Structure formats: structure tokens, C-alpha cells
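Printed here is target_15.txt (compact mmCIF, C-alpha atoms and all ligand atoms):
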```
# COMPACT_ATOMS: atom_id res chain seq x y z
CA MET A 517 11.14 -50.56 -5.09
CA PRO A 518 14.19 -51.21 -2.86
CA HIS A 519 15.81 -54.61 -3.26
CA LEU A 520 16.24 -55.06 0.48
CA GLU A 521 14.09 -53.34 3.04
CA LEU A 522 14.21 -53.61 6.83
CA VAL A 523 11.27 -51.94 8.54
CA ASP A 524 11.25 -51.18 12.28
CA LEU A 525 13.07 -54.39 13.04
CA ASP A 526 13.15 -55.56 16.67
CA LEU A 527 15.32 -58.57 17.51
CA ALA A 528 15.84 -60.14 20.92
CA PHE A 529 17.51 -63.11 22.59
CA GLY A 530 15.08 -64.02 25.38
CA GLU A 531 14.63 -60.89 27.47
CA GLN A 532 17.69 -59.21 25.97
CA GLN A 533 16.68 -56.72 23.29
CA ILE A 534 19.48 -56.70 20.69
CA VAL A 535 18.11 -54.58 17.81
CA ARG A 536 15.64 -51.76 18.18
CA LYS A 537 13.40 -50.27 15.48
CA LEU A 538 16.03 -50.74 12.81
CA SER A 539 15.09 -49.58 9.32
CA MET A 540 17.12 -49.40 6.13
CA THR A 541 16.72 -49.84 2.39
CA LEU A 542 19.14 -50.93 -0.29
CA ASP A 543 18.59 -50.66 -4.04
CA GLN A 544 19.51 -53.33 -6.59
CA GLY A 545 23.28 -53.45 -7.24
CA ARG A 546 24.20 -51.32 -4.23
CA ILE A 547 26.59 -52.35 -1.47
CA GLY A 548 25.44 -51.46 2.04
CA CYS A 549 27.39 -51.87 5.24
CA LEU A 550 26.52 -52.16 8.90
CA LEU A 551 29.45 -50.66 10.78
CA GLY A 552 29.72 -50.49 14.54
CA PRO A 553 31.56 -51.57 17.65
CA SER A 554 31.66 -55.18 18.77
CA GLY A 555 28.39 -56.40 20.26
CA CYS A 556 26.15 -53.68 18.75
CA GLY A 557 24.05 -56.28 16.90
CA LYS A 558 25.44 -56.24 13.34
CA THR A 559 25.75 -60.00 12.93
CA THR A 560 22.32 -60.55 14.45
CA VAL A 561 20.79 -58.28 11.77
CA LEU A 562 22.67 -60.13 9.04
CA ARG A 563 21.53 -63.51 10.37
CA CYS A 564 17.97 -62.21 10.48
CA ILE A 565 18.14 -61.10 6.83
CA ALA A 566 19.43 -64.59 5.96
CA GLY A 567 16.53 -66.15 7.87
CA PHE A 568 18.55 -67.65 10.74
CA GLU A 569 17.08 -65.42 13.47
CA PRO A 570 13.38 -64.86 14.12
CA VAL A 571 11.92 -61.36 14.15
CA LYS A 572 10.23 -60.07 17.29
CA SER A 573 8.51 -57.29 15.38
CA GLY A 574 9.05 -55.38 12.16
CA GLN A 575 9.69 -56.71 8.67
CA VAL A 576 12.38 -57.92 6.27
CA ARG A 577 11.44 -57.57 2.60
CA LEU A 578 13.37 -58.89 -0.38
CA ASP A 579 12.30 -57.43 -3.72
CA GLY A 580 9.07 -56.41 -2.06
CA GLU A 581 8.30 -59.91 -0.73
CA LEU A 582 7.83 -60.15 3.01
CA VAL A 583 10.32 -62.82 4.16
CA SER A 584 10.46 -62.14 7.91
CA SER A 585 8.00 -60.73 10.40
CA ALA A 586 6.49 -61.88 13.68
CA ASP A 587 3.92 -63.94 11.67
CA ARG A 588 5.87 -64.98 8.60
CA HIS A 589 9.21 -66.69 8.12
CA VAL A 590 10.52 -67.76 4.72
CA PRO A 591 13.23 -70.41 5.37
CA PRO A 592 16.85 -69.48 4.53
CA GLU A 593 17.10 -71.87 1.58
CA ARG A 594 14.19 -70.13 -0.14
CA ARG A 595 15.64 -66.61 0.13
CA ARG A 596 18.35 -66.94 -2.58
CA ILE A 597 20.89 -65.33 -0.28
CA GLY A 598 24.63 -66.05 -0.44
CA MET A 599 26.89 -65.70 2.57
CA VAL A 600 30.61 -65.13 3.09
CA PHE A 601 32.02 -65.57 6.57
CA GLN A 602 35.18 -64.49 8.37
CA ASP A 603 36.57 -68.03 8.51
CA TYR A 604 35.95 -68.80 4.80
CA ALA A 605 34.13 -72.04 5.78
CA LEU A 606 35.44 -73.96 2.73
CA PHE A 607 35.05 -77.73 2.61
CA PRO A 608 38.61 -79.02 3.21
CA HIS A 609 38.09 -82.36 1.46
CA LEU A 610 36.76 -80.76 -1.76
CA THR A 611 38.86 -79.10 -4.46
CA ILE A 612 38.50 -75.39 -5.16
CA ALA A 613 36.34 -76.19 -8.20
CA GLU A 614 34.15 -78.54 -6.15
CA ASN A 615 33.80 -75.90 -3.43
CA ILE A 616 32.73 -73.28 -5.96
CA GLY A 617 30.36 -75.72 -7.64
CA PHE A 618 28.81 -76.89 -4.37
CA GLY A 619 25.57 -74.94 -4.85
CA LEU A 620 25.34 -75.79 -8.57
CA ARG A 621 24.51 -79.49 -8.29
CA LYS A 622 21.28 -79.02 -10.23
CA LEU A 623 23.15 -77.84 -13.33
CA GLU A 624 24.30 -80.12 -16.16
CA PRO A 625 28.02 -81.02 -15.71
CA ARG A 626 29.10 -78.95 -18.73
CA GLU A 627 27.12 -75.89 -17.63
CA ARG A 628 28.39 -76.35 -14.09
CA GLY A 629 32.00 -76.56 -15.24
CA ALA A 630 31.59 -73.42 -17.35
CA ARG A 631 30.13 -71.50 -14.42
CA ILE A 632 32.97 -72.64 -12.14
CA ASP A 633 35.55 -71.52 -14.72
CA GLU A 634 33.77 -68.19 -15.10
CA LEU A 635 33.91 -67.62 -11.35
CA LEU A 636 37.55 -68.67 -11.10
CA ASP A 637 38.24 -65.98 -13.73
CA ILE A 638 36.14 -63.38 -11.90
CA VAL A 639 37.99 -63.88 -8.61
CA GLY A 640 41.42 -64.05 -10.28
CA LEU A 641 42.09 -67.77 -9.70
CA THR A 642 41.99 -69.01 -13.28
CA GLY A 643 43.27 -72.59 -13.59
CA GLN A 644 43.49 -73.17 -9.84
CA GLY A 645 40.32 -75.24 -9.47
CA VAL A 646 42.23 -78.51 -8.97
CA LYS A 647 43.89 -77.34 -5.77
CA TYR A 648 42.60 -77.95 -2.25
CA PRO A 649 41.86 -75.16 0.25
CA HIS A 650 44.98 -75.91 2.34
CA GLU A 651 47.10 -75.19 -0.74
CA MET A 652 45.74 -71.63 -0.97
CA SER A 653 46.65 -68.49 1.01
CA GLY A 654 44.08 -66.85 3.31
CA GLY A 655 43.28 -64.18 0.70
CA GLN A 656 42.86 -66.82 -2.01
CA GLN A 657 40.60 -68.91 0.24
CA GLN A 658 38.41 -65.90 0.86
CA ARG A 659 38.15 -65.28 -2.89
CA VAL A 660 37.08 -68.93 -3.29
CA ALA A 661 34.45 -68.41 -0.58
CA LEU A 662 33.23 -65.34 -2.49
CA ALA A 663 33.12 -67.33 -5.75
CA ARG A 664 31.18 -70.13 -4.05
CA ALA A 665 28.65 -67.64 -2.68
CA LEU A 666 28.26 -65.92 -6.07
CA ALA A 667 28.03 -69.15 -8.10
CA PRO A 668 24.24 -69.71 -7.78
CA ARG A 669 23.64 -66.01 -8.69
CA PRO A 670 22.15 -65.04 -5.32
CA SER A 671 19.63 -62.27 -5.14
CA LEU A 672 21.57 -60.81 -2.21
CA LEU A 673 25.05 -61.44 -0.81
CA LEU A 674 25.79 -61.08 2.91
CA LEU A 675 29.40 -60.71 4.06
CA ASP A 676 30.16 -61.06 7.77
CA GLU A 677 33.57 -59.57 8.68
CA PRO A 678 35.04 -61.24 5.56
CA PHE A 679 38.52 -59.76 5.91
CA SER A 680 39.13 -60.08 9.67
CA ASN A 681 41.40 -63.11 9.38
CA LEU A 682 43.73 -61.41 6.93
CA ASP A 683 46.72 -59.17 7.61
CA VAL A 684 46.28 -55.42 7.20
CA GLU A 685 47.86 -55.09 3.76
CA LEU A 686 45.95 -58.00 2.27
CA ARG A 687 42.75 -56.84 3.92
CA GLU A 688 43.00 -53.50 2.15
CA ARG A 689 43.81 -55.03 -1.22
CA LEU A 690 41.12 -57.68 -1.02
CA SER A 691 38.46 -55.24 0.11
CA HIS A 692 39.00 -53.19 -3.08
CA GLU A 693 39.00 -56.38 -5.16
CA VAL A 694 35.76 -57.58 -3.58
CA ARG A 695 34.08 -54.26 -4.34
CA ASP A 696 35.21 -54.50 -7.96
CA ILE A 697 33.88 -58.08 -8.21
CA LEU A 698 30.52 -57.18 -6.66
CA LYS A 699 30.16 -54.20 -8.98
CA ALA A 700 31.23 -56.19 -12.06
CA THR A 701 28.65 -58.85 -11.27
CA GLY A 702 25.92 -56.32 -10.32
CA THR A 703 25.53 -58.00 -6.93
CA THR A 704 23.50 -56.37 -4.18
CA ALA A 705 25.35 -56.93 -0.92
CA VAL A 706 25.39 -56.15 2.78
CA LEU A 707 28.72 -56.15 4.58
CA VAL A 708 29.11 -56.28 8.34
CA THR A 709 32.32 -54.97 9.87
CA HIS A 710 33.74 -52.99 12.79
CA ASP A 711 36.54 -51.65 10.59
CA GLN A 712 35.74 -48.30 8.99
CA ASN A 713 38.53 -48.54 6.40
CA GLU A 714 36.97 -51.76 5.16
CA ALA A 715 33.52 -50.19 5.13
CA PHE A 716 34.78 -47.15 3.21
CA ALA A 717 36.65 -49.35 0.70
CA VAL A 718 33.71 -51.63 -0.08
CA ALA A 719 30.39 -49.90 0.57
CA ASP A 720 28.28 -47.35 -1.29
CA GLU A 721 26.29 -46.58 1.85
CA ILE A 722 26.92 -47.28 5.50
CA GLY A 723 24.76 -47.55 8.59
CA ILE A 724 26.56 -46.73 11.82
CA MET A 725 25.16 -49.02 14.53
CA HIS A 726 25.27 -48.43 18.25
CA GLN A 727 23.36 -50.37 20.89
CA GLY A 728 21.09 -52.04 18.36
CA ARG A 729 20.12 -48.87 16.50
CA ILE A 730 21.27 -47.28 13.28
CA GLN A 731 22.59 -43.87 14.21
CA GLN A 732 23.02 -42.64 10.64
CA TRP A 733 22.63 -44.30 7.24
CA ASP A 734 24.63 -42.33 4.73
CA SER A 735 27.47 -42.18 2.21
CA PRO A 736 31.03 -42.54 3.54
CA TYR A 737 31.63 -38.87 2.61
CA ASN A 738 28.67 -37.62 4.62
CA LEU A 739 29.44 -39.80 7.63
CA TYR A 740 32.87 -38.22 7.82
CA HIS A 741 32.00 -34.66 6.87
CA ARG A 742 28.43 -34.41 8.11
CA PRO A 743 28.05 -36.76 11.08
CA GLY A 744 24.54 -36.57 12.47
CA ASN A 745 25.42 -37.01 16.12
CA ARG A 746 28.33 -37.22 18.53
CA PHE A 747 28.58 -41.00 18.37
CA VAL A 748 29.03 -40.95 14.59
CA ALA A 749 31.46 -38.01 14.80
CA ASP A 750 33.50 -39.91 17.34
CA PHE A 751 33.32 -43.34 15.69
CA ILE A 752 34.18 -42.20 12.17
CA GLY A 753 37.62 -40.72 11.59
CA GLN A 754 39.46 -38.60 14.06
CA GLY A 755 38.67 -35.18 15.38
CA VAL A 756 38.08 -33.01 18.42
CA LEU A 757 35.16 -30.94 19.64
CA LEU A 758 35.94 -27.37 20.65
CA PRO A 759 33.60 -24.90 22.38
CA ALA A 760 32.20 -22.15 20.18
CA GLU A 761 29.26 -19.75 19.89
CA VAL A 762 26.83 -19.37 17.01
CA LEU A 763 26.97 -15.88 15.45
CA ASN A 764 24.43 -16.48 12.72
CA ASP A 765 23.31 -19.28 10.43
CA HIS A 766 26.60 -19.24 8.52
CA GLN A 767 29.15 -18.35 11.20
CA VAL A 768 30.45 -19.59 14.53
CA ARG A 769 33.18 -18.06 16.65
CA MET A 770 35.75 -20.08 18.52
CA GLU A 771 39.23 -19.79 19.93
CA LEU A 772 40.81 -20.09 16.49
CA GLY A 773 38.63 -17.29 15.09
CA THR A 774 35.39 -17.15 13.14
CA LEU A 775 34.41 -20.05 10.94
CA ASN A 776 32.35 -19.41 7.84
CA SER A 777 30.20 -22.28 6.68
CA VAL A 778 28.90 -22.80 3.16
CA ILE A 779 26.00 -24.81 4.58
CA PRO A 780 23.71 -23.31 7.25
CA VAL A 781 24.97 -23.77 10.79
CA GLU A 782 22.45 -25.57 12.93
CA CYS A 783 22.14 -24.11 16.38
CA SER A 784 21.91 -27.26 18.42
CA VAL A 785 19.94 -25.51 21.15
CA GLY A 786 17.11 -25.32 18.62
CA CYS A 787 16.83 -21.61 17.80
CA GLY A 788 16.67 -22.17 14.06
CA ALA A 789 18.56 -19.31 12.40
CA CYS A 790 20.36 -18.50 15.64
CA GLU A 791 21.77 -15.08 16.46
CA HIS A 792 21.85 -15.59 20.22
CA HIS A 793 25.46 -16.61 20.68
CA CYS A 794 24.29 -20.04 21.75
CA PRO A 795 27.03 -22.29 23.02
CA VAL A 796 27.87 -25.25 20.82
CA GLU A 797 30.79 -27.55 20.17
CA VAL A 798 32.43 -27.53 16.76
CA LEU A 799 33.89 -30.65 15.18
CA LEU A 800 37.39 -30.14 13.81
CA ARG A 801 38.95 -32.93 11.75
CA PRO A 802 42.73 -33.24 11.23
CA ASP A 803 42.27 -32.04 7.63
CA ASP A 804 40.47 -28.88 8.82
CA ILE A 805 43.67 -27.57 10.45
CA ILE A 806 46.32 -26.70 7.89
CA HIS A 807 49.95 -26.18 8.82
CA ASP A 808 51.06 -22.84 7.37
CA ASP A 809 54.43 -21.30 8.27
CA ALA A 810 53.18 -17.89 7.10
CA SER A 811 50.19 -17.87 9.46
CA THR A 812 50.23 -15.63 12.53
CA MET A 813 48.04 -18.15 14.36
CA LYS A 814 50.35 -20.44 16.30
CA ALA A 815 49.95 -23.69 18.21
CA LYS A 816 52.40 -25.84 20.14
CA VAL A 817 53.29 -29.36 19.04
CA ALA A 818 52.14 -31.58 21.92
CA LYS A 819 52.41 -34.99 20.21
CA LYS A 820 53.27 -36.34 16.79
CA ALA A 821 52.57 -39.64 15.08
CA PHE A 822 54.66 -40.39 12.00
CA ARG A 823 52.59 -42.13 9.31
CA GLY A 824 54.93 -42.25 6.37
CA ALA A 825 53.52 -39.70 3.94
CA ASP A 826 51.98 -37.62 6.75
CA ILE A 827 52.50 -36.72 10.36
CA LEU A 828 49.46 -36.46 12.61
CA TYR A 829 50.25 -33.60 14.99
CA THR A 830 48.38 -33.00 18.22
CA LEU A 831 48.59 -29.24 18.71
CA GLU A 832 47.94 -27.31 21.88
CA LEU A 833 46.17 -23.94 21.61
CA SER A 834 46.73 -21.05 24.03
CA SER A 835 43.63 -22.05 26.05
CA GLY A 836 45.12 -25.53 26.55
CA ALA A 837 42.57 -27.12 24.19
CA ARG A 838 44.04 -29.57 21.68
CA VAL A 839 43.38 -30.06 17.98
CA LEU A 840 44.72 -32.51 15.39
CA SER A 841 46.44 -31.63 12.15
CA LEU A 842 47.48 -33.92 9.32
CA VAL A 843 50.62 -32.51 7.71
CA PRO A 844 52.88 -33.81 4.89
CA SER A 845 55.77 -35.53 6.66
CA HIS A 846 58.52 -33.36 5.23
CA HIS A 847 57.21 -30.69 7.66
CA ASN A 848 58.96 -32.35 10.57
CA HIS A 849 58.64 -30.27 13.75
CA ALA A 850 59.80 -31.07 17.27
CA ILE A 851 57.55 -31.53 20.28
CA GLY A 852 57.23 -28.18 22.07
CA GLU A 853 57.80 -26.16 18.87
CA MET A 854 55.28 -23.42 17.94
CA ILE A 855 54.02 -23.85 14.39
CA GLY A 856 51.74 -21.73 12.21
CA ILE A 857 48.23 -23.02 11.47
CA ARG A 858 45.15 -21.87 9.62
CA LEU A 859 41.65 -23.25 9.35
CA ASP A 860 40.17 -24.73 6.21
CA VAL A 861 36.61 -25.62 7.21
CA ASP A 862 33.95 -25.25 4.55
CA HIS A 863 31.03 -26.71 6.45
CA VAL A 864 30.73 -26.38 10.17
CA ILE A 865 29.46 -29.31 12.23
CA THR A 866 28.12 -28.32 15.63
CA PHE A 867 26.76 -30.33 18.53
CA HIS A 868 24.93 -29.34 21.63
CA GLU A 869 27.34 -28.81 24.48
CA ASN A 870 27.58 -31.79 26.83
CA SER A 871 28.41 -30.04 30.07
CA ASP A 872 26.50 -27.49 32.11
CA GLN A 873 25.18 -24.86 29.71
CA ALA A 874 25.76 -21.77 31.82
CA ALA A 875 29.37 -22.68 32.50
CA HIS A 876 29.82 -23.38 28.85
CA ALA A 877 28.29 -20.06 27.78
CA GLN A 878 30.73 -18.30 30.06
CA ARG A 879 33.62 -20.27 28.61
CA ALA A 880 32.49 -19.60 25.03
CA ASN A 881 32.26 -15.86 25.82
CA GLN A 882 35.75 -15.86 27.22
CA ILE A 883 36.98 -17.66 24.14
CA ALA A 884 35.20 -15.24 21.85
CA GLN A 885 36.64 -12.26 23.70
CA ALA A 886 40.09 -13.77 23.37
CA ALA A 887 39.47 -14.32 19.66
CA ARG A 888 38.37 -10.67 19.23
CA ALA A 889 41.38 -9.28 21.10
P1 LIG B 901 30.87 -58.50 16.77
O1 LIG B 901 31.42 -57.41 15.91
O2 LIG B 901 31.65 -58.71 18.02
O3 LIG B 901 30.58 -59.77 16.02
P2 LIG B 901 28.09 -57.70 16.57
O4 LIG B 901 27.86 -56.24 16.45
O5 LIG B 901 28.03 -58.49 15.30
O6 LIG B 901 29.46 -57.98 17.32
P3 LIG B 901 26.15 -59.56 17.56
O7 LIG B 901 27.00 -60.75 17.30
O8 LIG B 901 24.99 -59.31 16.69
O9 LIG B 901 27.03 -58.24 17.61
O10 LIG B 901 25.67 -59.66 19.06
C1 LIG B 901 24.84 -58.65 19.66
C2 LIG B 901 24.52 -59.07 21.07
O11 LIG B 901 23.73 -60.25 21.05
C3 LIG B 901 25.74 -59.39 21.93
O12 LIG B 901 25.51 -58.87 23.22
C4 LIG B 901 25.76 -60.90 21.96
O13 LIG B 901 26.33 -61.35 23.16
C5 LIG B 901 24.30 -61.25 21.86
N1 LIG B 901 24.08 -62.55 21.19
C6 LIG B 901 24.48 -62.88 19.95
N2 LIG B 901 24.09 -64.12 19.62
C7 LIG B 901 23.40 -64.60 20.69
C8 LIG B 901 22.72 -65.83 20.99
N3 LIG B 901 22.66 -66.83 20.09
N4 LIG B 901 22.14 -65.95 22.19
C9 LIG B 901 22.16 -64.94 23.08
N5 LIG B 901 22.77 -63.75 22.88
C10 LIG B 901 23.39 -63.58 21.71
```
Would you mind writing the structure in this file as C-alpha cells?
Amino acid sequence: MPHLELVDLDLAFGEQQIVRKLSMTLDQGRIGCLLGPSGCGKTTVLRCIAGFEPVKSGQVRLDGELVSSADRHVPPERRRIGMVFQDYALFPHLTIAENIGFGLRKLEPRERGARIDELLDIVGLTGQGVKYPHEMSGGQQQRVALARALAPRPSLLLLDEPFSNLDVELRERLSHEVRDILKATGTTAVLVTHDQNEAFAVADEIGIMHQGRIQQWDSPYNLYHRPGNRFVADFIGQGVLLPAEVLNDHQVRMELGTLNSVIPVECSVGCGACEHHCPVEVLLRPDDIIHDDASTMKAKVAKKAFRGADILYTLELSSGARVLSLVPSHHNHAIGEMIGIRLDVDHVITFHENSDQAAHAQRANQIAQAARA
């Protein structure tokens, strides 16, 4: 049985429908994430799981128990859910130890003190319980907030943009630390963020949200390498879509030549095992295009972005189409220079062409002819 289950959830503010038919499940000890652009409804879902927003229709189940539906609402304090917010929300007049122990008032003092010490150890703040929040850095305050949320051993932890107030470097470090802490304590958690690096660093599985719906619920690897639709392909990572034609269920042809796929190519027109040269668009990620001086296939450097270890090149093909290529930064080429490239694509992601199909078919044919020549 899943630990958390959302079934066909509909949430609304008055007439404004915020979340539509949203379903997901999360097993005990797993970390899930709702990732999406601002305003897509992530926080509203989190607040609904916590019991702060009513459900229009659908269900929220915790360990099989129905806690939210149109007819039933278990109050937040009876859900055993911990929360961590963006702004830490620590009590400024209480010490760190008192903050962490806030939800442990029912415990005997000795037991309470031991639990506080245990949590200070877990979050790497051993011996710092006597300090006040204003004496701690932002990262430390967020670790205190995490310790406070974990102290009563919640059945589920909800984290709402927990790293947004921190600078980039600290955000990255803390997100890895938080994952380690959640895993070490076996905590089931749902994180909400608009930052994919954070989502990738923390979560086991991620739901990409757009306009109140989950577009794809999957592992970080699959979201990047096997995006289910254009929105996910666009939102996760970088890449471009180039016109191509389907040759058969393992091959497509495009300007850069024929791509062989180890997984069956789906003809997005719906032919099944297509052999009709249907027009599609192929997703090419920066790591699919390899810079290779020995290659006869050339492209012109149109833009470059230095990133320390790598350079992200925007390369122009002979048709004028552009692709991205991530190249170790000691391969430093000038804008306008022609450089050798080769493809390294082991599974081909195709989408139905957006524009007029006939025009596209013509364009794909031209491209294929050019590729054959
Ligand atoms: P962000 O990343 O910016 O926090 P989000 O994806 O978490 O965005 P929500 O905060 O869930 O999005 O908001 C979704 C929509 O619901 C927004 O259009 C927002 O304006 C609206 N909304 C949120 N809270 C309320 C409220 N209490 N009353 C009315 N509308 C609300």
C-alpha cells in the first residue's frame, strides 16, 4: 500500500480551478517532488495534503486512511505531518533546543532533551542548542527547521521551497544534506520547488506540474532522457527539437544523418511501427552532440557560454537550424569557427510536429535528401 496517495484531486479557490485530476502515489521512505513553474499549483497541493486546503473532489490518503475528500476532512493536527517552509519560521525568542523541542512537550524532560540532542547531531549542529535563531546562518536555521519538523517523528514531511532563501552554493550543499538526513531517518517526504537542480538533488521521483496537472511522474533520469511530452522536454534540462522523418521503429532520419535508437521509436502520428516517413521532431540534448575534431560533419559556432569545466556551444547547421553541445572547456573555439561534431543518441525522443504537417513533411523530405547526398 502506498504511504501517500492522491486520487483525482480537484482543488479550487472560488471559481478558479487550481488543480485538476491530480493523482500520485509515494511509498514509505521515498522522497517525491512537485516541480513546476510559479503559479502551477504546487503549494496548493502541499497545503491540501497537510489539511489546510479543502478538496473539491478526489481523495488524499495517508497509509490507506482517507484524510481528505469532499465529505471528509481530518484536521491538520491529526495527520502527523511535519512541514518545512522557505522562511524557516523559527520562534525568535526560543533557543535552538527549545525550537526543536517545541512539538515534544508531551515527553518527559529527560526524554525530550535526549531527542533534541539526537536531532542536533542528525542535522550537524551538535552543542549549538543554547543559541538563538539570530545567531545562526540561513543554512543553519533551515537545518534547525528541519530538525524541529522531524522531532515528533512525523509520518510524512512536507517541504515547501525550503532552499529558496539561500545562496546558490549553500542551496546545492544543503539540498544534498537534506536528502541524506531524510534517507538516514527513513522519512517519507514531498518537496515542492521550481528549481530542477534542487529536485534532482533531493528527490527519488518527480512530478512535473503545469497548469494544475501532473504532466509526468517519473525518475529524474527518465524525465531528462525520456520526457513524455513537449512541456516536460522543454522544462527539464536544455535541448532543441529538430525536424526528422521516421524510417522504421528503430530509426529516424534528420539533417545530421540517421539516428539509431535502442528503444522503439514512437511515430507520434500514431502509425505504430511506422515505415511511412512520418514527420516528427527529434529532441537533441547538449550531451547528444559530441565535439569531435576527426568528424567530417561540421557545424558553425554561433554562441558559447563558458561554464568552468565545460563550454555550452550553440552550433549552427547548414540548414540554419541550431543545436547545443556541451564540450570540455579546454576545447575553446571562436564564434564563427567550423567544428567537427558527431551524434551520440542511444534513445530517440520524438514529438508530433507542431506546425502545418504538409509543410513539415516537405521540409523533412528536403532534409532527408540533403542527408542522403
Ligand atoms: P509558486 O512557485 O509561485 O509558489 P505554486 O506553483 O506553488 O507557485 P500556488 O501557490 O499553489 O502555486 O498557487 C496556484 C494558484 O492559486 C495561483 O494562481 C495563485 O494565485 C492561486 N492561489 C493560491 N492561494 C490562493 C488563495 N488563498 N486564494 C486565491 N487564490 C490563491
Excluding A:Leu686 and any residue of its chain fewer than 2 positions from it, enumerate the residues within 12 Å of it, using only C-alpha atoms, and give them as a PyMOL selection string.
chain A and resi 653-656+658-659+678-684+688-694+714
Within 6 Å of ligand LIG 901 (chain B) (counting only C-alpha atoms and all ligand atoms), which residues show up? I'd like them as a PyMOL selection string.
chain A and resi 529+534+554-560+710
Between atom CA of A:Glu832 and atom CA of A:Ala818, what is the spacing in Å?
6.0 Å
Do a neighbour search on A:Phe618 at 10 Å with only C-alpha atoms, toss out local chain neighbours closer than 4 positions, and write the hits as a PyMOL selection string.
chain A and resi 607+610+612-614+622+628+632+664-665+667-668
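For the pair atom CA of A:Asp587 and atom CA of A:Gln575, the separation is 9.7 Å.
Checking A:Met770, A:Ile851, A:Leu675, A:Ala837 one by one against A:Val817, counting only C-alpha atoms, you find the shortest gap at A:Ile851.
Interatomic distance, atom CA of A:Asp860 to atom CA of A:Val762: 18.0 Å.
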Select, from A:His807, A:Arg546, A:His792, A:Arg621, the residue with the minimum atom-to-atom distance to A:Leu520, counting all atoms listed in the file.
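Ranking A:His807, A:Arg546, A:His792, A:Arg621 by distance to A:Leu520, first place goes to A:Arg546.
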What box, with edges along x, y and z, holds each listed atom of stretch 854-858 of chain A when 6 Å is added on every side, and can you state its centre and edge lengths in Å to one decimal, as AutoDock Vina command-line options?
```
--center_x 50.2 --center_y -22.8 --center_z 13.8 --size_x 22.1 --size_y 14.1 --size_z 20.3
```
So, with all atoms listed in the file as the atoms that count, which of A:Asp711, A:Lys647, A:Glu531, A:Val718 lies closest to A:Asp696?
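Looking at the shortest contact to A:Asp696, the residue is A:Val718.
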Closest of A:Gln754, A:Asn776, A:Thr704, A:Thr541 to A:Leu674 - atom-to-atom distances counting all atoms listed in the file:
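Nearest candidate to A:Leu674 out of A:Gln754, A:Asn776, A:Thr704, A:Thr541: A:Thr704.
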Residue with the minimum atom-to-atom distance to A:Lys537, picked from A:Gln727, A:Thr611, A:Thr703, A:Gln712 with only C-alpha atoms counted, is A:Gln727
Save stretch 594-619 of chain A to disk from that block, C-alpha atoms included, as a CSV table (one decimal), in the first residue's frame.
```csv
chain,number,residue,atom,x,y,z
A,594,ARG,CA,-4.3,14.7,13.5
A,595,ARG,CA,-2.4,13.9,10.3
A,596,ARG,CA,1.1,13.6,11.9
A,597,ILE,CA,2.6,15.7,9.1
A,598,GLY,CA,5.7,17.9,9.6
A,599,MET,CA,6.4,21.0,7.5
A,600,VAL,CA,9.4,23.0,6.5
A,601,PHE,CA,8.9,26.3,4.9
A,602,GLN,CA,11.0,28.7,2.8
A,603,ASP,CA,11.3,31.3,5.6
A,604,TYR,CA,12.3,28.7,8.3
A,605,ALA,CA,9.6,30.1,10.6
A,606,LEU,CA,11.6,29.6,13.8
A,607,PHE,CA,10.5,31.2,17.0
A,608,PRO,CA,12.9,34.0,17.5
A,609,HIS,CA,12.5,34.2,21.3
A,610,LEU,CA,13.2,30.5,21.8
A,611,THR,CA,16.7,28.8,21.8
A,612,ILE,CA,17.6,26.3,19.1
A,613,ALA,CA,16.9,23.5,21.5
A,614,GLU,CA,13.5,25.0,22.5
A,615,ASN,CA,12.6,25.4,18.8
A,616,ILE,CA,13.5,21.8,18.1
A,617,GLY,CA,11.7,20.6,21.2
A,618,PHE,CA,8.6,22.6,20.5
A,619,GLY,CA,6.5,19.7,19.3
```
